[in-house]
Structures are given as C-alpha cells and as structure tokens.
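Input: a single structure, listed below in structure tokens.
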Amino acid sequence: MLIRRPADIPPSEITPRALFDTRRDFLRRTGLGLAAGAALWHGLPRRADAADTLGALAASPFSTAEPQTEWDAATSYINFYEFGTSKDAPLRNAHRMQVRPWTVRVEGLVNKPREFDIDDLLRLAPLEERIYRLRCVEAWSMVIPWAGYPLAALLRAVEPQGSAKYVEFVTHYDPAIMTTRPVLDWPYTEGLRLDEALHPLTLLTFGMYGERLPNQNGAPVRVVIPWKYGFKSAKSIVTIRLTEQQPATAWNKSAPQEYGFYSNVNPEVSHPRWSQATERRIGELRRRPTLPFNGYAEQVAQLYTGMDLKKHY
Ligand code: MTE
C-alpha cells in the first residue's frame with residue numbers, strides 16, 4: 001500500500017526470486033506440486049489435510065466462472081501488515097497466531113449482543129462457495145473460491161437497533177507475535193455502512209479453496225467485500241461492533257488523502273500515486289481494464305445512488 005508501488009508481477013515473482021528458484025529446484029527434485037512445496041518450505045500445515053476441509057459447500061449464483069488464481073499465489077502474495085509489510089512475510093510469520101480457541105464478540109447497537117465461539121459462528125448458517133474477484137488497491141487482482149455465508153445472517157441474529165448505521169470490524173492484535181512497528185494504528189480496523197454490511201455479496205469468510213483459511217489469509221474468520229478494494233476485507237476479526245457514527249479505519253487514519261472510507265473499486269478515481277484504470281490479474285502478464293465496482297455494479301451500484309463517488313472515494 002503506502003510502502004511499495006506495484007510493479008508488473010510475472011508468476012515467477014509472486015514470491016521473491018531467490019525463494020522461488022530454490023523452491024522450484026526443490027519441487028523438481030521431489031516431484032511435489034507447487035502448493036505442497038510452498039507449505040513444506042515454510043514448515044506450514046499442508047493444504048488438503050482432511051481435518052481442514054469445510055465439508056459440503058453450496059454453490060452460489062454470485063460466483064464468477066473466470067479462471068481461479070493458483071492456491072500457491074493466493075496464499076503467498078499477501079498483505080497482512082501485522083506480520084510484516086513485504087508480500088511474503090505473512091506466509092513466513094502468520095503461523096505464530098493461534099486460531100483456536102477464538103471468539104468473536106458482536107456488540108454495540110444490537111438487541112442481542114453475543115460472544116461467539118468460532119465453531120458456533122462457523123455453524124450459524126450454511127456455508128457457500130463464492131468465487132469472487134478481489135481487486136487490491138495496488139492494482140493487482142485475484143479470483144478466489146471463498147467459503148462463508150452472508151454477514152447479514154450474523155447481523156440479523158443479533159438484531160441491529162434502529163440507530164445502527166455502521167459496522168466496525170476490529171481485528172486481532174498481539175504484540176508478542178505481530179509487529180510492534182507503528183506501520184498502522186493497531187489493531188487494524190475497518191468498517192462498512194450497515195446497508196453494505198447487509199448486502200448479500202458481503203461474505204463472512206471462514207475458508208478458501210474448500211479448506212479453512214490459512215492464517216496468512218485471515219484465519220479463522222475475515223470478511224470479503226468483492227466490490228471494494230482489498231484492504232476493506234479485514235482479516236482475523238475479534239469484534240464486530242454496530243455504531244451510529246462512521247468508524248475510523250486503519251488506512252484512512254494513516255493516509256486519508258489516499259484511502260477513503262468507501263473505497264469502492266473505481267477505475268475513474270486514481271490513487272494519488274497511481275492510476276486505478278487497469279489491473280494485473282496475478283498469474284497473467286497482460287493488464288486488463290478495471291471494472292466499476294470490480295464488476296459487481298449490477299448488484300451494488302444502487303447502494304450509492306445520488307452520492308458523488310469521486311468525493312466519497
Ligand atoms: N487485515 C488485517 N488485519 N491486516 C492487514 O494488513 N490487509 C488488507 C486486507 N485485510 C490487511 C487486512 C489488504 S491491503 C488486502 S489487499 C487484503 O487483506 C489481502 O488479503 P488476501 O490476499 O488474503 O485477500
């Protein structure tokens with residue numbers, strides 16, 4: 001985000017060159033797949049461990065049929081600044097986070113505030129697979145099969161009060177295992193307007209590629225809001241708070257002229273330091289045009305009727 005201007009990213013540079021080359025040699029010798037190699041190399045649990053799968057997932061009409069990003073790229077080219085600001089740091093460091101036991105407190109302007117054990121939260125509604133595009137503010141994008149259910153199911157269960165207008169997400173922060181550098185104002189927080197949070201596209205997310213979320217992708221629970229830049233998708237959530245006032249958000253506090261509250265994907269509003277008109281899909285060489293609302297305009301544009309989206313970027 002603030003730290004590094006995005007460059008074109010050929011697949012060989014999704015991880016640092018030295019690591020990629022070593023790993024590729026290792027894979028050639030062992031005959032393992034790339035994903036297995038990434039996990040083994042970093043001493044992380046392998047994917048497709050039966051205990052880590054999420055069981056049957058309903059298909060969703062909201063899924064895109066576009067080719068999916070490779071697991072290896074989606075789990076290694078990451079922003080999770082609590083674990084370091086380089087793209088590969090979260091893969092190396094996030095295994096330090098204990099994701100069970102874990103609780104999520106839903107509080108604020110609701111009739112039924114409640115602390116959920118993560119496994120109760122996981123079972124609150126049927127899990128769906130949602131294959132979504134995620135467009136990062138740094139002008140790269142991925143297509144990932146997420147697993148979760150609409151955040152609306154959780155919000156309805158706690159009964160928002162009439163005065164609730166926003167939803168704030170507070171994420172896990174443990175200085176013993178995360179950076180103590182003041183890169184952002186920790187804990188990382190994000191927020192949505194209540195109608196955005198209730199929109200059926202907003203996914204409370206527990207898994208990806210049919211498995212539980214890897215730590216670096218925001219285990220054990222995160223949100224995915226596919227029409228907004230990736231930084232709105234808060235990872236490793238511990239508190240969901242309904243408020244009357246618009247909540248402060250980590251990137252907006254850090255650089256308000258660069259990162260607004262809404263952060264809807266908008267090819268017509270440049271980041272002050274680079275254009276948002278095109279993007280590079282991870283794994284592809286060509287640039288492609290960025291679509292308004294990341295291609296979800298038909299579903300969400302009406303949320304912003306009458307708003308000047310250049311002003312409310
Ligand atoms: N959540 C926390 N807690 N900390 C972070 O640094 N980074 C955000 C978002 N959520 C971030 C976070 C950014 S900038 C992006 S692009 C997405 O996570 C990337 O995550 P993904 O590749 O797993 O989707």
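By convention here, the chains of the structure tokens are called A, B, ... in the order presented, each chain's residues are numbered starting at 1, and ligands are numbered starting at 1 in the order presented.
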- Could you pull out the residues sitting within 6 Å of ligand 1, using only C-alpha atoms and all ligand atoms, and write them as an MDAnalysis selection string? chainID A and resid 78:82 136 171 188 217 230:231 233:236
Please, could you write that set of residues out with N, CA, C and O atoms as a compact mmCIF listing (two decimals), in the first residue's frame?
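Saved the output as part22.txt:
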```
# COMPACT_ATOMS: atom_id res chain seq x y z
N ILE A 78 0.65 -11.68 -0.27
CA ILE A 78 -0.36 -11.32 0.70
C ILE A 78 -0.07 -9.97 1.35
O ILE A 78 1.08 -9.65 1.60
N ASN A 79 -1.11 -9.24 1.69
CA ASN A 79 -0.98 -8.12 2.62
C ASN A 79 -1.59 -8.51 3.96
O ASN A 79 -2.79 -8.82 4.04
N PHE A 80 -0.78 -8.53 4.98
CA PHE A 80 -1.26 -8.74 6.36
C PHE A 80 -0.16 -8.09 7.20
O PHE A 80 0.78 -8.74 7.65
N TYR A 81 -0.28 -6.77 7.32
CA TYR A 81 0.84 -5.96 7.79
C TYR A 81 1.25 -6.26 9.23
O TYR A 81 2.38 -5.98 9.62
N GLU A 82 0.36 -6.83 10.01
CA GLU A 82 0.73 -7.20 11.37
C GLU A 82 1.90 -8.19 11.35
O GLU A 82 2.66 -8.31 12.30
N CYS A 136 -7.01 -5.51 -5.43
CA CYS A 136 -6.25 -4.80 -4.42
C CYS A 136 -6.01 -3.36 -4.87
O CYS A 136 -5.95 -3.08 -6.07
N THR A 171 -9.74 -6.23 14.47
CA THR A 171 -9.02 -7.49 14.22
C THR A 171 -8.05 -7.79 15.35
O THR A 171 -7.75 -6.94 16.19
N TYR A 188 -5.70 -3.30 13.50
CA TYR A 188 -6.27 -2.96 12.19
C TYR A 188 -7.79 -2.95 12.32
O TYR A 188 -8.38 -3.90 12.83
N ASN A 217 -4.15 -15.67 5.38
CA ASN A 217 -5.31 -15.13 4.66
C ASN A 217 -6.42 -14.69 5.61
O ASN A 217 -7.53 -14.40 5.17
N GLY A 230 -9.21 -4.37 -1.70
CA GLY A 230 -8.93 -5.48 -0.79
C GLY A 230 -8.72 -5.08 0.66
O GLY A 230 -9.01 -5.87 1.56
N PHE A 231 -8.25 -3.86 0.91
CA PHE A 231 -7.95 -3.53 2.31
C PHE A 231 -9.20 -3.41 3.17
O PHE A 231 -9.11 -3.40 4.39
N SER A 233 -11.29 -5.72 3.37
CA SER A 233 -11.59 -7.09 3.79
C SER A 233 -10.77 -7.46 5.03
O SER A 233 -9.73 -8.12 4.93
N ALA A 234 -11.23 -7.02 6.19
CA ALA A 234 -10.47 -7.19 7.43
C ALA A 234 -10.28 -8.67 7.77
O ALA A 234 -11.20 -9.46 7.67
N LYS A 235 -9.06 -8.98 8.20
CA LYS A 235 -8.69 -10.37 8.50
C LYS A 235 -8.63 -10.63 10.00
O LYS A 235 -8.27 -9.74 10.77
N SER A 236 -8.86 -11.87 10.37
CA SER A 236 -8.69 -12.33 11.76
C SER A 236 -9.47 -11.43 12.72
O SER A 236 -8.91 -10.80 13.63
```
- Task: Give me, please, the distance in Å between atom CA of A:Leu121 and atom CA of A:Ala157, quoted to one decimal.
- Result: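 The value is 10.9 Å.
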- Task: For A:Leu124, list every protein, DNA or RNA residue within 8 Å, evaluated using only C-alpha atoms, and leave out those in the same chain fewer than 4 positions away; present the list as an NGL selection string.
- Result: :A and (120 or 153-154)
Could the residues in this selection be saved with N, CA, C and O atoms as a PDB file, in the first residue's frame?
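Ended up saving to out_31.pdb:
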```
ATOM      1  N   ASP A 120     -19.080 -22.190  16.804  1.00  0.00           N
ATOM      2  CA  ASP A 120     -20.516 -21.869  16.753  1.00  0.00           C
ATOM      3  C   ASP A 120     -20.787 -20.875  15.620  1.00  0.00           C
ATOM      4  O   ASP A 120     -21.790 -20.970  14.919  1.00  0.00           O
ATOM      5  N   ALA A 153     -26.453 -12.773   7.762  1.00  0.00           N
ATOM      6  CA  ALA A 153     -27.024 -13.837   8.613  1.00  0.00           C
ATOM      7  C   ALA A 153     -26.620 -13.609  10.070  1.00  0.00           C
ATOM      8  O   ALA A 153     -27.440 -13.762  10.985  1.00  0.00           O
ATOM      9  N   LEU A 154     -25.370 -13.222  10.284  1.00  0.00           N
ATOM     10  CA  LEU A 154     -24.901 -12.954  11.646  1.00  0.00           C
ATOM     11  C   LEU A 154     -25.544 -11.678  12.187  1.00  0.00           C
ATOM     12  O   LEU A 154     -26.010 -11.638  13.336  1.00  0.00           O
TER      13      LEU A 154
END
```
Counting only C-alpha atoms, which residues of stretch 144-257 of chain A fall within 10 Å of stretch 275-298 of chain A, and what is the closest atom pair for each with its distance in Å at one decimal, ordered by chain and rising number, as JSON lines?
```
{"residue": "A:Leu201", "atom": "CA", "partner": "A:Tyr296", "partner_atom": "CA", "distance": 9.0}
{"residue": "A:Pro226", "atom": "CA", "partner": "A:Asn294", "partner_atom": "CA", "distance": 7.1}
{"residue": "A:Trp227", "atom": "CA", "partner": "A:Phe293", "partner_atom": "CA", "distance": 4.6}
{"residue": "A:Lys228", "atom": "CA", "partner": "A:Phe293", "partner_atom": "CA", "distance": 6.7}
{"residue": "A:Tyr229", "atom": "CA", "partner": "A:Asn294", "partner_atom": "CA", "distance": 8.5}
```
- Message: List the spatial neighbours of A:Pro220 as a PyMOL selection string - criterion: any atom at most 8 Å away, only C-alpha atoms, same-chain residues fewer than 6 positions off excluded.
- Response: chain A and resi 99-100+102+118+206+212-214+236-237
May I have the selected residues written with C-alpha atoms, as a PDB file, in the first residue's frame?
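Output contents, as saved in result-v1.pdb:
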```pdb
ATOM      1  CA  VAL A  99      -6.611 -19.518  15.734  1.00  0.00           C
ATOM      2  CA  ARG A 100      -8.341 -21.865  18.175  1.00  0.00           C
ATOM      3  CA  TRP A 102     -11.074 -17.965  19.204  1.00  0.00           C
ATOM      4  CA  ILE A 118     -15.548 -19.628  16.395  1.00  0.00           C
ATOM      5  CA  PHE A 206     -14.015 -18.991   7.015  1.00  0.00           C
ATOM      6  CA  ARG A 212     -10.218 -23.456   6.351  1.00  0.00           C
ATOM      7  CA  LEU A 213      -8.482 -20.113   5.842  1.00  0.00           C
ATOM      8  CA  PRO A 214      -4.718 -20.294   6.138  1.00  0.00           C
ATOM      9  CA  SER A 236      -8.692 -12.330  11.761  1.00  0.00           C
ATOM     10  CA  ILE A 237     -11.670 -10.497  13.248  1.00  0.00           C
TER      11      ILE A 237
END
```
Any chance you could tabulate, as a tab-separated table, the residues of stretch 179-259 of chain A at most 9 Å from stretch 83-86 of chain A with each one's nearest atom pair and distance in Å to one decimal, using only C-alpha atoms, in chain and rising number order?
```
residue	atom	partner	partner_atom	distance
A:Thr179	CA	A:Phe83	CA	6.0
A:Val183	CA	A:Thr85	CA	8.5
A:Gln216	CA	A:Phe83	CA	8.4
```
Residue subset to file, keeping all heavy atoms, as an mmCIF file, in the first residue's frame:
```cif
data_model
loop_
_atom_site.group_PDB
_atom_site.id
_atom_site.type_symbol
_atom_site.label_atom_id
_atom_site.label_comp_id
_atom_site.auth_asym_id
_atom_site.auth_seq_id
_atom_site.Cartn_x
_atom_site.Cartn_y
_atom_site.Cartn_z
ATOM 1 N N THR A 179 4.002 -7.409 14.510
ATOM 2 C CA THR A 179 4.945 -6.289 14.549
ATOM 3 C C THR A 179 4.503 -5.257 15.592
ATOM 4 O O THR A 179 3.309 -5.046 15.808
ATOM 5 C CB THR A 179 5.082 -5.619 13.164
ATOM 6 O OG1 THR A 179 6.145 -4.674 13.248
ATOM 7 C CG2 THR A 179 3.817 -4.900 12.741
ATOM 8 N N VAL A 183 3.377 0.866 11.895
ATOM 9 C CA VAL A 183 3.095 0.974 10.457
ATOM 10 C C VAL A 183 1.675 1.513 10.260
ATOM 11 O O VAL A 183 1.422 2.365 9.423
ATOM 12 C CB VAL A 183 3.223 -0.418 9.798
ATOM 13 C CG1 VAL A 183 3.006 -0.323 8.298
ATOM 14 C CG2 VAL A 183 4.560 -1.049 10.110
ATOM 15 N N GLN A 216 -2.364 -16.747 7.128
ATOM 16 C CA GLN A 216 -1.967 -15.519 6.433
ATOM 17 C C GLN A 216 -3.110 -14.898 5.635
ATOM 18 O O GLN A 216 -3.064 -13.735 5.271
ATOM 19 C CB GLN A 216 -0.732 -15.766 5.536
ATOM 20 C CG GLN A 216 -0.954 -16.679 4.348
ATOM 21 C CD GLN A 216 -0.761 -18.152 4.664
ATOM 22 O OE1 GLN A 216 -0.855 -18.579 5.814
ATOM 23 N NE2 GLN A 216 -0.493 -18.948 3.626
#
```
- Taking the DSSP assignment computed from this structure's backbone, write out as a VMD selection string all residues of stretch 130-224 of chain A that belong to strand (DSSP E). chain A and resid 130 to 135 140 to 150 166 to 171 189 to 193 203 to 208 211 to 212 222 to 224
I need the residues from that last selection saved to file as a short mmCIF file (atom, residue, chain, number, x, y, z; two decimals), in the first residue's frame (with N, CA, C and O atoms), if you can.
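Here's the written file out04.cif:
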```cif
data_model
loop_
_atom_site.label_atom_id
_atom_site.label_comp_id
_atom_site.auth_asym_id
_atom_site.auth_seq_id
_atom_site.Cartn_x
_atom_site.Cartn_y
_atom_site.Cartn_z
N ARG A 130 -18.14 -19.04 -2.77
CA ARG A 130 -18.32 -17.83 -3.57
C ARG A 130 -17.02 -17.54 -4.31
O ARG A 130 -16.03 -17.19 -3.67
N ILE A 131 -17.02 -17.71 -5.60
CA ILE A 131 -15.80 -17.43 -6.36
C ILE A 131 -15.84 -15.95 -6.75
O ILE A 131 -16.62 -15.54 -7.61
N TYR A 132 -15.04 -15.17 -6.05
CA TYR A 132 -15.06 -13.72 -6.20
C TYR A 132 -13.73 -13.22 -6.76
O TYR A 132 -12.67 -13.71 -6.40
N ARG A 133 -13.84 -12.14 -7.53
CA ARG A 133 -12.64 -11.37 -7.84
C ARG A 133 -12.31 -10.51 -6.62
O ARG A 133 -13.23 -9.99 -5.99
N LEU A 134 -11.05 -10.37 -6.28
CA LEU A 134 -10.65 -9.41 -5.25
C LEU A 134 -9.62 -8.48 -5.88
O LEU A 134 -8.60 -8.94 -6.39
N ARG A 135 -9.91 -7.19 -5.88
CA ARG A 135 -9.05 -6.20 -6.52
C ARG A 135 -8.33 -5.41 -5.44
O ARG A 135 -8.96 -4.75 -4.61
N TRP A 140 -3.41 -5.01 -8.41
CA TRP A 140 -3.40 -6.42 -8.80
C TRP A 140 -4.69 -7.06 -8.32
O TRP A 140 -5.38 -6.51 -7.45
N SER A 141 -5.03 -8.18 -8.94
CA SER A 141 -6.28 -8.83 -8.56
C SER A 141 -6.12 -10.35 -8.60
O SER A 141 -5.17 -10.87 -9.19
N MET A 142 -7.04 -11.01 -7.94
CA MET A 142 -7.05 -12.47 -7.90
C MET A 142 -8.49 -12.94 -8.03
O MET A 142 -9.43 -12.16 -7.84
N VAL A 143 -8.68 -14.22 -8.34
CA VAL A 143 -10.01 -14.84 -8.32
C VAL A 143 -9.91 -16.02 -7.35
O VAL A 143 -9.12 -16.94 -7.57
N ILE A 144 -10.69 -15.96 -6.29
CA ILE A 144 -10.51 -16.95 -5.22
C ILE A 144 -11.86 -17.58 -4.85
O ILE A 144 -12.85 -16.86 -4.69
N PRO A 145 -11.90 -18.90 -4.72
CA PRO A 145 -13.12 -19.53 -4.21
C PRO A 145 -13.15 -19.44 -2.68
O PRO A 145 -12.47 -20.20 -1.99
N TRP A 146 -13.89 -18.48 -2.17
CA TRP A 146 -14.01 -18.30 -0.73
C TRP A 146 -15.10 -19.22 -0.19
O TRP A 146 -15.97 -19.66 -0.95
N ALA A 147 -15.12 -19.45 1.10
CA ALA A 147 -16.20 -20.22 1.72
C ALA A 147 -16.70 -19.45 2.93
O ALA A 147 -15.91 -19.05 3.79
N GLY A 148 -18.00 -19.24 2.97
CA GLY A 148 -18.57 -18.50 4.10
C GLY A 148 -20.06 -18.36 3.92
O GLY A 148 -20.68 -19.10 3.14
N TYR A 149 -20.64 -17.42 4.63
CA TYR A 149 -22.07 -17.12 4.46
C TYR A 149 -22.23 -15.61 4.56
O TYR A 149 -21.33 -14.90 5.05
N PRO A 150 -23.37 -15.09 4.09
CA PRO A 150 -23.52 -13.64 4.11
C PRO A 150 -23.40 -13.10 5.54
O PRO A 150 -24.01 -13.64 6.47
N TYR A 166 -23.61 1.85 11.00
CA TYR A 166 -22.32 1.36 10.50
C TYR A 166 -21.93 0.08 11.23
O TYR A 166 -22.45 -0.21 12.33
N VAL A 167 -21.01 -0.65 10.62
CA VAL A 167 -20.44 -1.84 11.25
C VAL A 167 -18.92 -1.68 11.27
O VAL A 167 -18.31 -1.41 10.23
N GLU A 168 -18.36 -1.84 12.46
CA GLU A 168 -16.90 -1.74 12.60
C GLU A 168 -16.33 -3.14 12.83
O GLU A 168 -16.90 -3.94 13.58
N PHE A 169 -15.20 -3.43 12.17
CA PHE A 169 -14.51 -4.70 12.38
C PHE A 169 -13.20 -4.41 13.10
O PHE A 169 -12.40 -3.60 12.62
N VAL A 170 -12.98 -5.07 14.22
CA VAL A 170 -11.72 -4.93 14.93
C VAL A 170 -11.01 -6.28 14.81
O VAL A 170 -11.63 -7.33 15.03
N THR A 171 -9.74 -6.23 14.47
CA THR A 171 -9.02 -7.49 14.22
C THR A 171 -8.05 -7.79 15.35
O THR A 171 -7.75 -6.94 16.19
N THR A 189 -8.40 -1.85 11.92
CA THR A 189 -9.86 -1.79 11.96
C THR A 189 -10.39 -1.43 10.58
O THR A 189 -9.69 -0.78 9.79
N GLU A 190 -11.58 -1.85 10.32
CA GLU A 190 -12.25 -1.50 9.06
C GLU A 190 -13.72 -1.25 9.35
O GLU A 190 -14.18 -1.44 10.48
N GLY A 191 -14.45 -0.80 8.35
CA GLY A 191 -15.86 -0.53 8.57
C GLY A 191 -16.66 -0.49 7.29
O GLY A 191 -16.11 -0.31 6.20
N LEU A 192 -17.95 -0.67 7.45
CA LEU A 192 -18.90 -0.60 6.33
C LEU A 192 -20.12 0.16 6.80
O LEU A 192 -20.42 0.17 8.01
N ARG A 193 -20.84 0.73 5.86
CA ARG A 193 -22.17 1.22 6.19
C ARG A 193 -23.05 -0.01 6.42
O ARG A 193 -22.81 -1.07 5.82
N LEU A 203 -19.41 -11.20 2.44
CA LEU A 203 -19.27 -12.59 2.91
C LEU A 203 -18.46 -12.67 4.20
O LEU A 203 -17.34 -12.17 4.27
N LEU A 204 -19.04 -13.29 5.22
CA LEU A 204 -18.28 -13.65 6.42
C LEU A 204 -17.57 -14.95 6.04
O LEU A 204 -18.22 -15.95 5.74
N THR A 205 -16.26 -14.91 6.06
CA THR A 205 -15.48 -15.92 5.34
C THR A 205 -14.62 -16.74 6.29
O THR A 205 -13.87 -16.19 7.10
N PHE A 206 -14.74 -18.06 6.15
CA PHE A 206 -14.02 -18.99 7.02
C PHE A 206 -13.01 -19.84 6.24
O PHE A 206 -12.20 -20.52 6.84
N GLY A 207 -13.15 -19.85 4.90
CA GLY A 207 -12.29 -20.75 4.14
C GLY A 207 -12.01 -20.24 2.75
O GLY A 207 -12.56 -19.22 2.30
N MET A 208 -11.12 -20.96 2.08
CA MET A 208 -10.86 -20.70 0.66
C MET A 208 -10.42 -22.01 0.04
O MET A 208 -9.86 -22.87 0.71
N GLU A 211 -11.13 -25.22 1.94
CA GLU A 211 -10.47 -25.52 3.21
C GLU A 211 -10.57 -24.32 4.14
O GLU A 211 -10.92 -23.23 3.72
N ARG A 212 -10.23 -24.58 5.42
CA ARG A 212 -10.22 -23.46 6.35
C ARG A 212 -9.19 -22.43 5.89
O ARG A 212 -8.19 -22.78 5.27
N ARG A 222 -12.71 -13.77 8.50
CA ARG A 222 -12.48 -12.45 7.89
C ARG A 222 -13.73 -12.08 7.11
O ARG A 222 -14.67 -12.87 7.03
N VAL A 223 -13.73 -10.90 6.57
CA VAL A 223 -14.80 -10.55 5.64
C VAL A 223 -14.20 -10.45 4.23
O VAL A 223 -13.00 -10.22 4.07
N VAL A 224 -15.04 -10.62 3.23
CA VAL A 224 -14.66 -10.35 1.84
C VAL A 224 -15.78 -9.51 1.24
O VAL A 224 -16.95 -9.89 1.27
#
```
